[in-house]
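Asker: I am attaching a structure below and will ask some questions about it afterwards.
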Amino acid sequence: MITADGPKVVEFNCRFGDPETQAVLPLLDGDLAQIMYACAKGTLTADMVHWKDAASCCVIMASAGYPASSHKGDVISGLDAVDKEDVMVFHSGTAKKDGQYVTNGGRVLGVTAVAGDLKSAIEKAYANVKRIHFDGQQVRSDIGAKGLKHLK
């Protein structure tokens, strides 16, 4: 957060399941395991970490009732229709039942798209969200809107 006294840290998010991480890590141009190993050994150098010249957007698909509660057991369809290139679907609240993916928690899926610019990444993420369906699904329609507003 930027204040009159300069930047202030509100919180550090570093869990791999967080939507923030699901948006940032696809931009890493390298091997995360090697980078983390170098961190653990104390041998990490700046030239070991490279980032793609791209943008990404992660849109969460949540179950019915989220955040107060979450519905479980709804069949998820359309996962096979998602673009194979530059789109990742992170499973957060899913389970497999009788060979099908079903909802199993509040934040069900994180659909992340990478593109050359933010507008294209947002459009690609939402286009792929529309291919996935489950009863009671909830999706915010404003993800990335503030970022686009600042680019104008």
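Residue numbers start at 1 in each chain; chains themselves are named A, B, ... in the order of the structure tokens; ligands are numbered from 1 in the order shown.
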List every residue of segment 23-82 of chain A that has an atom at most 7 Å from any atom of segment 120-137 of chain A, and for each one report the closest atom pair and its distance in Å to one decimal, counting only C-alpha atoms, with rows sorted by chain and then by increasing residue number, as JSON lines.

Answerer:
{"residue": "A:Ala55", "atom": "CA", "partner": "A:Ala121", "partner_atom": "CA", "distance": 6.3}
{"residue": "A:Ser56", "atom": "CA", "partner": "A:Ala121", "partner_atom": "CA", "distance": 5.3}
{"residue": "A:Cys57", "atom": "CA", "partner": "A:Ile122", "partner_atom": "CA", "distance": 5.4}
{"residue": "A:Cys58", "atom": "CA", "partner": "A:Ala125", "partner_atom": "CA", "distance": 6.8}
{"residue": "A:Val59", "atom": "CA", "partner": "A:Ala125", "partner_atom": "CA", "distance": 6.6}
{"residue": "A:Met61", "atom": "CA", "partner": "A:Gln137", "partner_atom": "CA", "distance": 6.4}
{"residue": "A:Ala62", "atom": "CA", "partner": "A:Gln137", "partner_atom": "CA", "distance": 5.7}
{"residue": "A:Ser63", "atom": "CA", "partner": "A:Gln137", "partner_atom": "CA", "distance": 5.0}
{"residue": "A:Ala64", "atom": "CA", "partner": "A:Gly136", "partner_atom": "CA", "distance": 4.4}
{"residue": "A:Asp74", "atom": "CA", "partner": "A:Asp135", "partner_atom": "CA", "distance": 6.0}
{"residue": "A:Val75", "atom": "CA", "partner": "A:Phe134", "partner_atom": "CA", "distance": 5.8}
{"residue": "A:Ile76", "atom": "CA", "partner": "A:Phe134", "partner_atom": "CA", "distance": 4.8}
{"residue": "A:Ser77", "atom": "CA", "partner": "A:His133", "partner_atom": "CA", "distance": 5.2}
{"residue": "A:Gly78", "atom": "CA", "partner": "A:Ile132", "partner_atom": "CA", "distance": 4.3}
{"residue": "A:Leu79", "atom": "CA", "partner": "A:Ile132", "partner_atom": "CA", "distance": 5.8}
{"residue": "A:Ala81", "atom": "CA", "partner": "A:Arg131", "partner_atom": "CA", "distance": 6.2}
{"residue": "A:Val82", "atom": "CA", "partner": "A:Asn128", "partner_atom": "CA", "distance": 5.5}

Asker: Print the selection's residues with N, CA, C and O atoms to a file, as a CSV table (one decimal), in the first residue's frame.

Answerer:
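The file below, result28.csv, is the result:
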chain,number,residue,atom,x,y,z
A,55,ALA,N,1.8,-10.7,-19.3
A,55,ALA,CA,0.9,-10.4,-18.2
A,55,ALA,C,0.0,-11.6,-17.9
A,55,ALA,O,-0.1,-12.5,-18.8
A,56,SER,N,-0.6,-11.7,-16.7
A,56,SER,CA,-1.4,-12.8,-16.4
A,56,SER,C,-2.6,-12.4,-15.6
A,56,SER,O,-2.6,-11.3,-15.0
A,57,CYS,N,-3.7,-13.2,-15.6
A,57,CYS,CA,-4.9,-12.9,-14.9
A,57,CYS,C,-5.4,-14.2,-14.4
A,57,CYS,O,-5.5,-15.2,-15.1
A,58,CYS,N,-5.8,-14.2,-13.1
A,58,CYS,CA,-6.4,-15.4,-12.5
A,58,CYS,C,-7.8,-15.1,-12.0
A,58,CYS,O,-8.0,-14.1,-11.3
A,59,VAL,N,-8.8,-15.8,-12.5
A,59,VAL,CA,-10.2,-15.7,-12.2
A,59,VAL,C,-10.6,-16.9,-11.4
A,59,VAL,O,-10.5,-18.0,-11.8
A,61,MET,N,-13.3,-19.4,-9.7
A,61,MET,CA,-14.7,-19.9,-9.9
A,61,MET,C,-15.0,-20.5,-8.5
A,61,MET,O,-14.3,-21.4,-8.1
A,62,ALA,N,-16.0,-20.0,-7.8
A,62,ALA,CA,-16.4,-20.4,-6.5
A,62,ALA,C,-17.7,-21.2,-6.5
A,62,ALA,O,-18.5,-21.0,-7.4
A,63,SER,N,-17.9,-22.0,-5.5
A,63,SER,CA,-19.1,-22.8,-5.4
A,63,SER,C,-20.3,-21.9,-4.8
A,63,SER,O,-20.1,-20.9,-4.3
A,64,ALA,N,-21.5,-22.5,-5.0
A,64,ALA,CA,-22.7,-21.8,-4.4
A,64,ALA,C,-22.5,-21.6,-2.9
A,64,ALA,O,-22.0,-22.5,-2.2
A,74,ASP,N,-21.2,-30.9,-6.8
A,74,ASP,CA,-21.7,-30.5,-8.1
A,74,ASP,C,-20.7,-30.9,-9.2
A,74,ASP,O,-19.5,-30.6,-9.1
A,75,VAL,N,-21.1,-31.6,-10.2
A,75,VAL,CA,-20.2,-32.0,-11.3
A,75,VAL,C,-19.7,-30.8,-12.1
A,75,VAL,O,-20.4,-29.9,-12.4
A,76,ILE,N,-18.4,-30.9,-12.4
A,76,ILE,CA,-17.7,-29.8,-13.1
A,76,ILE,C,-17.5,-30.3,-14.5
A,76,ILE,O,-17.0,-31.4,-14.8
A,77,SER,N,-18.0,-29.6,-15.5
A,77,SER,CA,-17.8,-29.9,-16.9
A,77,SER,C,-17.1,-28.8,-17.7
A,77,SER,O,-17.0,-27.7,-17.2
A,78,GLY,N,-16.5,-29.2,-18.8
A,78,GLY,CA,-15.9,-28.2,-19.6
A,78,GLY,C,-14.4,-28.1,-19.4
A,78,GLY,O,-13.7,-27.3,-20.1
A,79,LEU,N,-13.8,-28.8,-18.5
A,79,LEU,CA,-12.4,-28.7,-18.2
A,79,LEU,C,-11.5,-29.1,-19.5
A,79,LEU,O,-10.5,-28.5,-19.7
A,81,ALA,N,-12.3,-28.4,-22.4
A,81,ALA,CA,-12.5,-27.4,-23.5
A,81,ALA,C,-11.6,-26.2,-23.3
A,81,ALA,O,-11.6,-25.3,-24.1
A,82,VAL,N,-10.9,-26.2,-22.2
A,82,VAL,CA,-10.0,-25.0,-21.9
A,82,VAL,C,-8.8,-25.0,-22.8
A,82,VAL,O,-8.3,-26.1,-23.2

Asker: Show me, as a list in words, the residues that have an atom within 6 Å of segment 86-90 of chain A when counting only C-alpha atoms, minus same-chain residues fewer than 3 positions from it.

Answerer: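 My list of contacting residues is Asp83, Leu109, Gly110, Val111, Thr112, Ala113 and Val114 of chain A.
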
Asker: Which residues come within 6 Å of Ala54 of chain A, counting only C-alpha atoms, excluding same-chain residues fewer than 3 positions away, as a PyMOL selection string?

Answerer: chain A and resi 115-117

Asker: Those selected residues, please, written with C-alpha atoms and delivered as an mmCIF file, in the first residue's frame.

Answerer:
data_model
loop_
_atom_site.group_PDB
_atom_site.id
_atom_site.type_symbol
_atom_site.label_atom_id
_atom_site.label_comp_id
_atom_site.auth_asym_id
_atom_site.auth_seq_id
_atom_site.Cartn_x
_atom_site.Cartn_y
_atom_site.Cartn_z
ATOM 1 C CA ALA A 115 -0.774 -13.169 -22.712
ATOM 2 C CA GLY A 116 1.380 -10.396 -24.106
ATOM 3 C CA ASP A 117 -0.585 -7.666 -22.326
#

Asker: When you count only C-alpha atoms, which of these residues is closest to Ser69 of chain A: A:Lys119, A:Lys146, A:Lys52, A:Arg107?

Answerer: A:Arg107

Asker: Running DSSP on the backbone, which parts of chain A land in strand (DSSP E), as a PyMOL selection string?

Answerer: chain A and resi 2-3+6-7+55-62+72-75+87-91+94-97+100-104+107-115+138-139

Asker: Rounded to one decimal place, report the atom CA of Pro26 of chain A-atom CA of Lys72 of chain A distance in Å.

Answerer: 28.4 Å

Asker: Using only C-alpha atoms, can you tell me which of A:Leu118, A:Ala68, A:Thr21, A:Ser92 comes closest to Asp53 of chain A?

Answerer: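 The closest residue to Asp53 of chain A is A:Leu118.
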
Asker: Using only C-alpha atoms, which protein or nucleic acid residues come within 10 Å of segment 45-48 of chain A? Drop anything in the same chain fewer than 2 positions from it, and give the result as a list of chain:residue names.

Answerer: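 The contact residues come out as A:Asp29, A:Gly30, A:Asp31, A:Gln34, A:Ile35, A:Ala38, A:Cys39, A:Gly42, A:Thr43, A:His50.
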
Asker: Mind checking DSSP for chain A and telling me the helix (DSSP H, G or I) residues as a PyMOL selection string?

Answerer: chain A and resi 19-27+32-41+46-48+79-81+118-129+145-151

Asker: Output N, CA and C atoms for every residue in the selection just made, as a compact mmCIF listing (two decimals), in the first residue's frame.

Answerer:
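Okay, this is what ended up in out-v9.txt:
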# COMPACT_ATOMS: atom_id res chain seq x y z
N PRO A 19 -4.81 -17.21 -5.06
CA PRO A 19 -4.99 -16.68 -6.42
C PRO A 19 -3.86 -15.73 -6.84
N GLU A 20 -3.30 -14.99 -5.88
CA GLU A 20 -2.21 -14.08 -6.22
C GLU A 20 -1.01 -14.87 -6.74
N THR A 21 -0.71 -15.98 -6.11
CA THR A 21 0.40 -16.82 -6.55
C THR A 21 0.07 -17.47 -7.88
N GLN A 22 -1.18 -17.88 -8.06
CA GLN A 22 -1.59 -18.53 -9.31
C GLN A 22 -1.51 -17.57 -10.49
N ALA A 23 -1.53 -16.28 -10.22
CA ALA A 23 -1.37 -15.29 -11.29
C ALA A 23 0.09 -14.95 -11.54
N VAL A 24 0.92 -14.97 -10.50
CA VAL A 24 2.31 -14.53 -10.64
C VAL A 24 3.23 -15.66 -11.12
N LEU A 25 3.12 -16.83 -10.55
CA LEU A 25 4.08 -17.90 -10.89
C LEU A 25 4.09 -18.32 -12.36
N PRO A 26 2.97 -18.26 -13.08
CA PRO A 26 3.05 -18.59 -14.51
C PRO A 26 3.94 -17.63 -15.31
N LEU A 27 4.27 -16.49 -14.72
CA LEU A 27 5.16 -15.54 -15.40
C LEU A 27 6.63 -15.83 -15.14
N LEU A 32 11.16 -23.38 -10.97
CA LEU A 32 10.90 -22.96 -9.60
C LEU A 32 11.63 -23.86 -8.60
N ALA A 33 11.68 -25.14 -8.86
CA ALA A 33 12.36 -26.06 -7.93
C ALA A 33 13.84 -25.69 -7.79
N GLN A 34 14.50 -25.38 -8.89
CA GLN A 34 15.91 -24.99 -8.82
C GLN A 34 16.08 -23.68 -8.06
N ILE A 35 15.18 -22.75 -8.29
CA ILE A 35 15.25 -21.46 -7.60
C ILE A 35 15.05 -21.66 -6.10
N MET A 36 14.06 -22.45 -5.72
CA MET A 36 13.80 -22.70 -4.30
C MET A 36 14.96 -23.46 -3.65
N TYR A 37 15.55 -24.38 -4.38
CA TYR A 37 16.70 -25.12 -3.86
C TYR A 37 17.86 -24.16 -3.60
N ALA A 38 18.09 -23.24 -4.54
CA ALA A 38 19.15 -22.25 -4.35
C ALA A 38 18.83 -21.35 -3.16
N CYS A 39 17.56 -21.01 -2.96
CA CYS A 39 17.16 -20.22 -1.78
C CYS A 39 17.51 -20.98 -0.51
N ALA A 40 17.16 -22.25 -0.47
CA ALA A 40 17.40 -23.06 0.73
C ALA A 40 18.89 -23.21 1.03
N LYS A 41 19.70 -23.29 -0.03
CA LYS A 41 21.15 -23.44 0.14
C LYS A 41 21.84 -22.10 0.38
N ALA A 46 20.63 -13.01 -8.37
CA ALA A 46 19.63 -12.30 -9.17
C ALA A 46 19.55 -12.85 -10.59
N ASP A 47 20.66 -13.28 -11.16
CA ASP A 47 20.65 -13.76 -12.54
C ASP A 47 20.00 -15.14 -12.68
N MET A 48 19.61 -15.76 -11.58
CA MET A 48 18.95 -17.07 -11.63
C MET A 48 17.43 -16.93 -11.82
N LEU A 79 -13.80 -28.80 -18.47
CA LEU A 79 -12.36 -28.68 -18.23
C LEU A 79 -11.55 -29.07 -19.45
N ASP A 80 -12.06 -30.00 -20.24
CA ASP A 80 -11.36 -30.45 -21.44
C ASP A 80 -11.46 -29.44 -22.58
N ALA A 81 -12.31 -28.43 -22.44
CA ALA A 81 -12.49 -27.41 -23.49
C ALA A 81 -11.59 -26.20 -23.29
N LEU A 118 -2.00 -7.11 -20.43
CA LEU A 118 -3.00 -7.37 -19.41
C LEU A 118 -4.40 -7.54 -19.99
N LYS A 119 -4.78 -6.68 -20.91
CA LYS A 119 -6.12 -6.76 -21.52
C LYS A 119 -6.33 -8.13 -22.16
N SER A 120 -5.36 -8.62 -22.90
CA SER A 120 -5.48 -9.92 -23.56
C SER A 120 -5.51 -11.06 -22.55
N ALA A 121 -4.74 -10.95 -21.48
CA ALA A 121 -4.74 -11.99 -20.44
C ALA A 121 -6.10 -12.06 -19.76
N ILE A 122 -6.69 -10.92 -19.46
CA ILE A 122 -8.01 -10.87 -18.83
C ILE A 122 -9.05 -11.48 -19.76
N GLU A 123 -9.03 -11.07 -21.01
CA GLU A 123 -10.00 -11.60 -21.98
C GLU A 123 -9.86 -13.11 -22.14
N LYS A 124 -8.63 -13.60 -22.18
CA LYS A 124 -8.38 -15.04 -22.34
C LYS A 124 -8.85 -15.81 -21.10
N ALA A 125 -8.61 -15.27 -19.93
CA ALA A 125 -9.04 -15.93 -18.69
C ALA A 125 -10.57 -16.06 -18.68
N TYR A 126 -11.26 -14.96 -18.94
CA TYR A 126 -12.73 -15.01 -18.92
C TYR A 126 -13.29 -15.88 -20.04
N ALA A 127 -12.67 -15.87 -21.20
CA ALA A 127 -13.14 -16.74 -22.30
C ALA A 127 -13.06 -18.21 -21.88
N ASN A 128 -12.04 -18.58 -21.14
CA ASN A 128 -11.90 -19.96 -20.70
C ASN A 128 -12.79 -20.29 -19.51
N VAL A 129 -13.04 -19.30 -18.64
CA VAL A 129 -13.99 -19.50 -17.54
C VAL A 129 -15.36 -19.88 -18.11
N ALA A 145 -10.22 -5.20 -13.69
CA ALA A 145 -10.82 -3.95 -14.17
C ALA A 145 -10.03 -2.73 -13.69
N LYS A 146 -9.56 -2.75 -12.45
CA LYS A 146 -8.80 -1.60 -11.95
C LYS A 146 -7.47 -1.49 -12.69
N GLY A 147 -6.86 -2.62 -12.99
CA GLY A 147 -5.60 -2.61 -13.73
C GLY A 147 -5.78 -2.00 -15.12
N LEU A 148 -6.86 -2.35 -15.76
CA LEU A 148 -7.12 -1.80 -17.09
C LEU A 148 -7.42 -0.30 -17.01
N LYS A 149 -8.10 0.10 -15.97
CA LYS A 149 -8.43 1.53 -15.79
C LYS A 149 -7.16 2.35 -15.67
N HIS A 150 -6.16 1.82 -14.97
CA HIS A 150 -4.90 2.54 -14.79
C HIS A 150 -4.06 2.60 -16.06
N LEU A 151 -4.32 1.67 -17.00
CA LEU A 151 -3.56 1.65 -18.25
C LEU A 151 -4.06 2.68 -19.24

Asker: For a test of reading the model, state the distance in Å between atom CA of Gly17 of chain A and atom CA of Lys96 of chain A, rounded to one decimal.

Answerer: 18.5 Å

Asker: With only C-alpha atoms as the atoms that count, which of A:Gly73, A:Val108, A:Asp5, A:Phe16 lies nearest to His91 of chain A?

Answerer: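 Looking at the shortest contact to His91 of chain A, the residue is A:Val108.
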